[in-house]
Amino acid sequence: MDFELSEEQKDIIQAAREFAEGEFPEIAEECDRNEEFPRNLWKKACQLGFVGVFIKEDYGGSGLGFLEHCLINEEFWRVDPGVGFSILSSTFGSEMIQLFGTENQKKALLPPLVKGETITGAAITEPDAGSDVASIATRAVPEEGEYIINGAKTFITNGSIAHFIQVLCLTNPEAESRHQRHSVITVETNREGFEASPLKNKMGIRASDTAELTFTDVRVPRENMIGKEGQGFQQFMVFFDHTRPHICAQAVGLAQGAMEKAIKHVRERRQFGKPLASFQATQFKIAEMATRIEAARNLYQKAAWMLDRGKPDPKLISMAKWYGGEVAVGVADEVLQLHGGYGYIGDYGIERLYRDAKILEIYEGTKEIEKLVIARSLLGKG
Ligand SMILES: Cc1cc2nc3c(=O)[nH]c(=O)nc-3n(C[C@H](O)[C@H](O)[C@H](O)COP(=O)(O)OP(=O)(O)OC[C@H]3O[C@@H](n4cnc5c(N)ncnc54)[C@H](O)[C@@H]3O)c2cc1C
């Protein structure tokens, strides 16, 4: 057993930290206020090799693992969740192509994502189908060499800025199992009949684009199917094994950054003639935060390490996703509390972290769904 990160991994952490600390603070508040995607910084991060590190060298990536992707996520979120998420989620959905795409699809679609020429997304959620993925109703009907797609998706990250999106569609409604009725189809966003409306006024991660999508007789070639017809549900479950560890890494980054702000504040702020840090109640809060953060960090690092060794453990991955989100939300709350009134006022950057944290318990599987996965693996489906 060896808990030591490699020298290369430590260098990646250092480089990601320097980049985030050097570039994010200047634009973070403005991106949050104006709900603006940091386009220039995303391009720069791509040029510097921070984006899509899990993409294999044959497809333009650096051929590192999901653990390295997680480490970069942690460092970016430590400085600013909104900016960090916007940059690194530009490849969200590419995992599906790398896992299940044909050689042609991988060669065509993956390299431009790493270079910062394109942005992608993954569209599962619909207005009437969230946690219950198998009830998705966006319909793709085959006609000669094409699929004709009709339906609506909602809450789609990068929906209005992506160049192409992996869309979960109902293709085999007659299949006996509701888990064999769907397929994943790549839809280029310049196709006729595709529309995206940005969803404004989000609580947090406001630099990130989130949109509603509508598909009205959108025609795509049959070759746009990713993987096998009828296997879309299963493919997305495998996809989530590859993406959920980095949500825990996002949570650890947010919590770590928030705790560091709290440590600075309680050392400087004096009440009753002493620094807040001298009160035992404060010391306990810091000790508890640090312990929870370290536990969550160990969960995502083990989950990603196993994934990179070809041994994904869905139970462990769900534990990391649920626990990480809970830690981030709890730490953001405690850090705001330690800042008192200053924490509540926008200028100090703490309330932004409090707002940013909540999404970690919602997207890519709510905390309740993660607990269902954990419980089912222990108790069976019941
Ligand atoms: C900012 C943002 C970005 C997002 N990005 C994407 C994206 O890129 N692509 C995408 O496809 N989706 C995306 N989503 C959608 C997100 O994944 C869903 O919101 C999430 O899966 C929950 O679905 P829902 O909102 O429909 O809630 P529901 O499924 O309606 O759930 C509501 C509540 O009921 C609980 N619940 C549901 N079923 C059960 C059950 N069986 N047992 C116990 N509790 C249950 C849930 O845990 C939740 O607390 C995004 C959402 C947001 C807010």
# chains A, B, ... in the order shown; residues from 1 in each chain; ligands from 1
$ residues_around --residues "stretch 224-237 of chain A" --least-positions-apart "3" --cutoff "7 Å" --atoms "only C-alpha atoms" --output "list of chain:residue names"
A:Ile97, A:Phe100, A:Gly101, A:Ala134, A:Leu168, A:Thr171, A:Asn172, A:His179, A:Gln180, A:Arg181, A:His182, A:Ser183, A:Val184, A:Ile185, A:Thr186, A:Val220, A:Pro221, A:Phe240, A:Asp241
$ write_last_selection --atoms "N, CA, C and O atoms" --output "short mmCIF file (atom, residue, chain, number, x, y, z; two decimals), in the first residue's frame"
data_model
loop_
_atom_site.label_atom_id
_atom_site.label_comp_id
_atom_site.auth_asym_id
_atom_site.auth_seq_id
_atom_site.Cartn_x
_atom_site.Cartn_y
_atom_site.Cartn_z
N ILE A 97 -17.62 9.35 -25.27
CA ILE A 97 -17.02 9.08 -26.59
C ILE A 97 -15.79 8.20 -26.42
O ILE A 97 -15.61 7.22 -27.13
N PHE A 100 -17.09 4.62 -25.37
CA PHE A 100 -17.95 3.81 -26.23
C PHE A 100 -17.92 4.19 -27.72
O PHE A 100 -18.57 3.54 -28.53
N GLY A 101 -17.21 5.28 -28.06
CA GLY A 101 -17.21 5.74 -29.44
C GLY A 101 -16.40 4.86 -30.37
O GLY A 101 -15.57 4.05 -29.93
N ALA A 134 -34.25 6.27 -16.47
CA ALA A 134 -34.88 5.35 -17.44
C ALA A 134 -36.21 5.87 -17.97
O ALA A 134 -36.76 5.30 -18.91
N LEU A 168 -29.06 11.61 -24.45
CA LEU A 168 -29.70 10.31 -24.17
C LEU A 168 -31.12 10.36 -24.74
O LEU A 168 -31.93 11.21 -24.35
N THR A 171 -34.93 5.24 -28.01
CA THR A 171 -34.89 4.68 -29.37
C THR A 171 -35.65 3.36 -29.49
O THR A 171 -36.06 2.98 -30.57
N ASN A 172 -35.80 2.67 -28.35
CA ASN A 172 -36.42 1.34 -28.39
C ASN A 172 -37.52 1.24 -27.33
O ASN A 172 -37.40 0.47 -26.37
N HIS A 179 -34.45 -0.44 -19.06
CA HIS A 179 -33.02 -0.09 -19.12
C HIS A 179 -32.39 -0.43 -20.46
O HIS A 179 -31.19 -0.35 -20.63
N GLN A 180 -33.25 -0.87 -21.41
CA GLN A 180 -32.70 -1.19 -22.75
C GLN A 180 -33.45 -0.43 -23.83
O GLN A 180 -33.58 -0.90 -24.96
N ARG A 181 -33.97 0.72 -23.45
CA ARG A 181 -34.80 1.47 -24.39
C ARG A 181 -34.11 2.71 -24.94
O ARG A 181 -34.68 3.41 -25.77
N HIS A 182 -32.93 3.01 -24.43
CA HIS A 182 -32.31 4.30 -24.77
C HIS A 182 -30.98 4.14 -25.48
O HIS A 182 -30.32 3.12 -25.36
N SER A 183 -30.59 5.21 -26.19
CA SER A 183 -29.30 5.23 -26.88
C SER A 183 -28.71 6.62 -26.73
O SER A 183 -29.43 7.60 -26.52
N VAL A 184 -27.38 6.68 -26.89
CA VAL A 184 -26.69 7.97 -26.81
C VAL A 184 -26.37 8.44 -28.22
O VAL A 184 -25.78 7.69 -29.01
N ILE A 185 -26.78 9.65 -28.55
CA ILE A 185 -26.57 10.18 -29.89
C ILE A 185 -25.89 11.54 -29.77
O ILE A 185 -26.33 12.40 -29.00
N THR A 186 -24.80 11.72 -30.53
CA THR A 186 -24.14 13.03 -30.55
C THR A 186 -24.92 13.96 -31.47
O THR A 186 -25.20 13.62 -32.63
N VAL A 220 -30.00 13.77 -37.51
CA VAL A 220 -28.56 13.50 -37.42
C VAL A 220 -28.28 12.17 -38.11
O VAL A 220 -29.14 11.28 -38.12
N PRO A 221 -27.08 12.01 -38.68
CA PRO A 221 -26.76 10.74 -39.34
C PRO A 221 -26.72 9.59 -38.34
O PRO A 221 -26.39 9.80 -37.17
N PHE A 240 -21.00 7.63 -15.45
CA PHE A 240 -21.02 8.27 -14.13
C PHE A 240 -19.91 7.73 -13.20
O PHE A 240 -19.41 8.46 -12.36
N ASP A 241 -19.53 6.46 -13.41
CA ASP A 241 -18.40 5.95 -12.62
C ASP A 241 -17.13 6.74 -12.94
O ASP A 241 -16.23 6.84 -12.11
#
$ residues_near_ligand --ligand "ligand 1" --cutoff "9 Å" --atoms "only C-alpha atoms and all ligand atoms" --output "count of residues only"
47
$ closest_residue --among "A:Ile148, A:Val79, A:Val114, A:Val238" --to "A:Met96" --atoms "only C-alpha atoms"
A:Val238
$ residues_around --residues "A:Ala162" --least-positions-apart "4" --cutoff "8 Å" --atoms "only C-alpha atoms" --output "PyMOL selection string"
chain A and resi 90+118-121+158+189
$ select_by_dssp --residues "stretch 65-263 of chain A" --states "helix (DSSP H, G or I)" --output "ChimeraX atom specification"
/A:66-79,81-91,94-100,103-115,133-135,178-180,222-224,232-263
$ residues_around --residues "A:Val266" --least-positions-apart "3" --cutoff "10 Å" --atoms "only C-alpha atoms" --output "PyMOL selection string"
chain A and resi 261-263+269-271+274-279+282-283+286+335+338-339
